[in-house]
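Reading through the structure tokens given below for one structure.
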Amino acid sequence: MSINTSSSDDIIYAVDDTPGATESFFAGLQHVLASFVGIITPTLIIGGVLGLGSEIPYLISMALFVSGVGTVIQARRVGPVGSGLICVQGTSFAFLGTILATGFTVKATGGNNDEVLATIFAVCFLAAFVEVFISFFISKLGKVIKPVVTGVVITTIGIYLIKVGMTDIGGGQWLLTNMPEKFASTSNLIVGFSVVGLVVLLNASKNQWVRLTAVVVAMILGWLLAFVLGIAKFKLGEFDLIAIPLPFKYGFNVDFGALIAFGFLYLITAIESTGDITANCAVSKLPVTGPSYLARIRGGILGDGVNSMIAALFNTFPNTTFSQNNGVIQLTGVASRHIVVA
């Protein structure tokens with residue numbers, strides 16, 4: 001397919017364009033690389049703090065599985081569910097505190113790991129109806145969701161992502177939580193800033209293939225540099241070769257106190273997702289006002305709610321729309337929702 005240059009000089013493939021297989025592979029891979037750490041880190045933190053031990057590999061597998069399924073639902077749309085955009089799904093750090101508090105409460109009453117997970121996933125599943133319910137009233141909020149409001153939300157998200165980005169450059173949230181003495185070491189900073197600098201340099205190229213592969217190339221070279229510096233190592237643990245998704249594998253126990261707390265969190269993440277989807281529309285050169293925009297917001301928030309229910313069903317934590325993938329769209333110029341399948 002020919003490159004789309006009619007809508008914007010910055011966009012190589014627009015939202016409804018269908019790139020070739022090679023372009024789709026590289027564009028899709030870059031979204032995975034940009035979001036992979038964000039998808040698995042909440043599970044690593046929760047598993048480590050709550051002492052879930054041998055369950056962690058399975059929980060990570062389910063986090064990745066549901067992220068893939070949820071992202072396809074968001075991009076391809078299933079009826080009214082989905083924004084029709086590249087809205088990569090993963091667990092927001094906003095849920096961590098409440099998830100950990102719920103887990104500790106169950107442990108304090110003598111609950112084992114299965115009971116901890118059964119309670120967390122049950123309340124995550126039921127509370128997700130709050131976000132589903134909110135989505136049906138988005139059109140009523142058209143007078144409130146104005147460019148000034150969404151602009152403030154997008155700016156706030158951008159400011160928050162500065163912290164996230166600098167944390168990743170320093171070694172990541174897991175390292176900061178578990179081995180703070182090694183955080184922001186010289187080797188970590190060298191690798192982090194080298195990758196950032198290379199992404200910026202490659203993205204400045206006028207060659208579409210250089211720009212399309214900028215994130216992949218930079219991350220591969222960054223990994224090789226990390227290997228040379230001794231901070232990247234191969235290590236295989238003992239775990240099942242294949243993790244089978246089993247609905248409510250750990251059971252279903254409801255804690256009504258936690259249910260209320262999670263309901264408020266879903267309300268907060270719905271507002272956050274509104275900003276993320278608005279930013280996605282902006283970098284994809286789509287309208288950020290009017291009926292089509294509100295329809296995308298409604299479908300996206302409904303998608304977040306439905307995907308969070310799917311997440312709880314298949315034993316992982318609530319899903320929400322990630323912010324960092326908007327940056328990948330802007331860097332690569334590929335806004336096509338069809339690359340999500342790749």
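Chain identifiers are assigned as A, B, and so on, following the order in which chains appear in the structure tokens; residues are numbered from 1 within each chain, and ligands are numbered from 1 in order of appearance.
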Proximity check segment 116-139 of chain A to segment 36-50 of chain A, 12 Å, nearest pairs one decimal Å, only C-alpha atoms, as CSV:
```
residue,atom,partner,partner_atom,distance
A:Val116,CA,A:Leu50,CA,8.8
A:Leu117,CA,A:Leu50,CA,10.0
A:Ile120,CA,A:Ile46,CA,11.1
```
Those residues you just picked out, can you put them in a file as a short mmCIF file (atom, residue, chain, number, x, y, z; two decimals), in the first residue's frame with all heavy atoms?
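Output saved as part_3.cif:
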```cif
data_model
loop_
_atom_site.label_atom_id
_atom_site.label_comp_id
_atom_site.auth_asym_id
_atom_site.auth_seq_id
_atom_site.Cartn_x
_atom_site.Cartn_y
_atom_site.Cartn_z
N VAL A 116 -5.91 -14.83 48.70
CA VAL A 116 -5.53 -13.45 48.40
C VAL A 116 -5.89 -13.11 46.96
O VAL A 116 -6.55 -12.10 46.67
CB VAL A 116 -4.01 -13.24 48.62
CG1 VAL A 116 -3.55 -11.92 48.00
CG2 VAL A 116 -3.67 -13.24 50.10
N LEU A 117 -5.48 -13.97 46.02
CA LEU A 117 -5.75 -13.71 44.60
C LEU A 117 -7.23 -13.83 44.27
O LEU A 117 -7.75 -13.07 43.46
CB LEU A 117 -4.92 -14.68 43.75
CG LEU A 117 -3.40 -14.44 43.80
CD1 LEU A 117 -2.66 -15.57 43.10
CD2 LEU A 117 -3.03 -13.10 43.17
N ILE A 120 -8.78 -10.49 45.36
CA ILE A 120 -8.36 -9.37 44.50
C ILE A 120 -9.07 -9.44 43.15
O ILE A 120 -9.63 -8.44 42.67
CB ILE A 120 -6.84 -9.37 44.32
CG1 ILE A 120 -6.13 -9.01 45.62
CG2 ILE A 120 -6.43 -8.39 43.20
CD1 ILE A 120 -4.62 -9.17 45.58
#
```
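The neighbours of Ala63 of chain A here are the residues that come within 9 Å of it, using only C-alpha atoms and leaving out any residue fewer than 5 positions away in the same chain; they are Ile39, Ile40, Thr43, Tyr58, Gly68, Gly90, Thr91, Ala311, Phe314, Asn315, Thr316, Phe317 and Asn319 of chain A.
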Output all heavy atoms for every residue in that selection, as a compact mmCIF listing (two decimals), in the first residue's frame.
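File written: result_16.txt
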```
# COMPACT_ATOMS: atom_id res chain seq x y z
N ILE A 39 3.71 -3.49 31.40
CA ILE A 39 2.71 -4.53 31.56
C ILE A 39 3.08 -5.50 32.68
O ILE A 39 2.23 -5.90 33.48
CB ILE A 39 2.52 -5.30 30.22
CG1 ILE A 39 1.89 -4.38 29.17
CG2 ILE A 39 1.63 -6.53 30.42
CD1 ILE A 39 1.93 -4.95 27.76
N ILE A 40 4.36 -5.88 32.74
CA ILE A 40 4.75 -6.91 33.71
C ILE A 40 5.18 -6.35 35.06
O ILE A 40 5.12 -7.07 36.07
CB ILE A 40 5.87 -7.81 33.16
CG1 ILE A 40 7.18 -7.03 33.02
CG2 ILE A 40 5.46 -8.42 31.83
CD1 ILE A 40 8.36 -7.92 32.65
N THR A 43 2.74 -6.55 38.13
CA THR A 43 2.63 -7.94 38.61
C THR A 43 3.86 -8.34 39.41
O THR A 43 3.75 -9.00 40.45
CB THR A 43 2.45 -8.90 37.42
OG1 THR A 43 1.26 -8.54 36.71
CG2 THR A 43 2.33 -10.34 37.89
N TYR A 58 3.06 -17.36 36.31
CA TYR A 58 1.73 -17.53 35.72
C TYR A 58 1.00 -16.20 35.62
O TYR A 58 0.37 -15.89 34.60
CB TYR A 58 0.90 -18.52 36.55
CG TYR A 58 -0.48 -18.77 36.00
CD1 TYR A 58 -0.67 -19.67 34.94
CD2 TYR A 58 -1.59 -18.10 36.49
CE1 TYR A 58 -1.93 -19.90 34.41
CE2 TYR A 58 -2.86 -18.32 35.97
CZ TYR A 58 -3.02 -19.22 34.93
OH TYR A 58 -4.28 -19.44 34.40
N GLY A 68 -2.69 -8.42 25.26
CA GLY A 68 -2.83 -8.62 23.82
C GLY A 68 -4.28 -8.68 23.39
O GLY A 68 -4.69 -8.01 22.43
N GLY A 90 -2.85 -2.35 29.75
CA GLY A 90 -1.98 -2.84 30.82
C GLY A 90 -2.46 -2.31 32.15
O GLY A 90 -3.38 -1.49 32.21
N THR A 91 -1.84 -2.76 33.24
CA THR A 91 -2.28 -2.36 34.57
C THR A 91 -1.69 -1.02 34.97
O THR A 91 -0.47 -0.83 34.91
CB THR A 91 -1.87 -3.44 35.61
OG1 THR A 91 -2.46 -4.67 35.25
CG2 THR A 91 -2.34 -3.05 37.00
N ALA A 311 -9.60 -9.30 32.33
CA ALA A 311 -8.36 -9.46 33.09
C ALA A 311 -8.60 -10.22 34.38
O ALA A 311 -7.88 -11.17 34.71
CB ALA A 311 -7.74 -8.09 33.38
N PHE A 314 -9.37 -13.89 33.85
CA PHE A 314 -8.21 -14.72 33.52
C PHE A 314 -7.00 -14.42 34.40
O PHE A 314 -5.85 -14.53 33.98
CB PHE A 314 -7.86 -14.57 32.04
CG PHE A 314 -8.86 -15.22 31.13
CD1 PHE A 314 -9.72 -14.46 30.35
CD2 PHE A 314 -8.98 -16.60 31.08
CE1 PHE A 314 -10.65 -15.06 29.51
CE2 PHE A 314 -9.91 -17.22 30.25
CZ PHE A 314 -10.76 -16.45 29.48
N ASN A 315 -7.29 -14.00 35.65
CA ASN A 315 -6.27 -13.98 36.70
C ASN A 315 -5.13 -12.98 36.48
O ASN A 315 -3.95 -13.31 36.63
CB ASN A 315 -5.67 -15.39 36.87
CG ASN A 315 -6.72 -16.47 36.90
OD1 ASN A 315 -7.53 -16.54 37.82
ND2 ASN A 315 -6.75 -17.31 35.88
N THR A 316 -5.51 -11.75 36.13
CA THR A 316 -4.53 -10.68 36.15
C THR A 316 -5.23 -9.41 36.61
O THR A 316 -6.43 -9.40 36.87
CB THR A 316 -3.84 -10.50 34.78
OG1 THR A 316 -2.77 -9.57 34.92
CG2 THR A 316 -4.80 -10.00 33.71
N PHE A 317 -4.50 -8.34 36.72
CA PHE A 317 -4.99 -7.14 37.38
C PHE A 317 -5.64 -6.17 36.38
O PHE A 317 -5.49 -6.33 35.17
CB PHE A 317 -3.84 -6.49 38.15
CG PHE A 317 -3.16 -7.46 39.07
CD1 PHE A 317 -1.92 -7.99 38.79
CD2 PHE A 317 -3.81 -7.89 40.23
CE1 PHE A 317 -1.31 -8.92 39.63
CE2 PHE A 317 -3.23 -8.82 41.09
CZ PHE A 317 -1.97 -9.34 40.78
N ASN A 319 -7.05 -3.59 33.67
CA ASN A 319 -6.42 -3.03 32.48
C ASN A 319 -6.92 -1.62 32.21
O ASN A 319 -8.09 -1.32 32.43
CB ASN A 319 -6.70 -3.91 31.26
CG ASN A 319 -5.64 -4.97 31.05
OD1 ASN A 319 -5.24 -5.24 29.93
ND2 ASN A 319 -5.18 -5.58 32.14
```
Sel. of alpha helix (DSSP H) residues, segment 100-333 of chain A, as a VMD selection string = chain A and resid 100 to 108 113 to 135 147 to 170 173 to 178 186 to 203 208 to 212 214 to 229 256 to 283 291 to 313 324 to 332
Can you list, as an MDAnalysis selection string, all residues belonging to segment 39-276 of chain A that DSSP tags as strand (DSSP E or B)?
-> chainID A and resid 78 81 89:90
Can I get the selection written as a short mmCIF file (atom, residue, chain, number, x, y, z; two decimals), in the first residue's frame, with N, CA and C atoms?
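New file result_11.cif:
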```
data_model
loop_
_atom_site.label_atom_id
_atom_site.label_comp_id
_atom_site.auth_asym_id
_atom_site.auth_seq_id
_atom_site.Cartn_x
_atom_site.Cartn_y
_atom_site.Cartn_z
N VAL A 78 -15.34 -4.31 19.06
CA VAL A 78 -16.30 -5.41 19.11
C VAL A 78 -17.64 -4.79 19.45
N VAL A 81 -17.71 -1.71 21.83
CA VAL A 81 -16.54 -1.81 22.72
C VAL A 81 -15.27 -1.53 21.94
N GLN A 89 -3.21 -2.00 26.23
CA GLN A 89 -3.79 -2.22 27.55
C GLN A 89 -2.76 -2.79 28.53
N GLY A 90 -2.85 -2.35 29.75
CA GLY A 90 -1.98 -2.84 30.82
C GLY A 90 -2.46 -2.31 32.15
#
```
Would you tabulate, counting only C-alpha atoms, all residues of segment 216-279 of chain A that have an atom at most 9 Å from an atom of segment 130-140 of chain A, showing the closest pair of atoms and their distance in Å to one decimal, sorted by chain then ascending number, as a tab-separated table?
```
residue	atom	partner	partner_atom	distance
A:Gly263	CA	A:Val130	CA	6.0
A:Phe264	CA	A:Val130	CA	8.3
A:Tyr266	CA	A:Glu131	CA	5.7
A:Leu267	CA	A:Glu131	CA	6.2
A:Thr269	CA	A:Glu131	CA	8.5
A:Ala270	CA	A:Glu131	CA	6.5
```
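Compared by their closest atoms to Glu55 of chain A, and using only C-alpha atoms, the residues A:Asn113, A:Ser308, A:Asn203, A:Thr332 rank with A:Asn113 nearest.
In this comparison, which uses only C-alpha atoms, the residue of A:Gly299, A:Pro318, A:Gly305, A:Gly275 approaching Arg76 of chain A most closely is A:Gly299.
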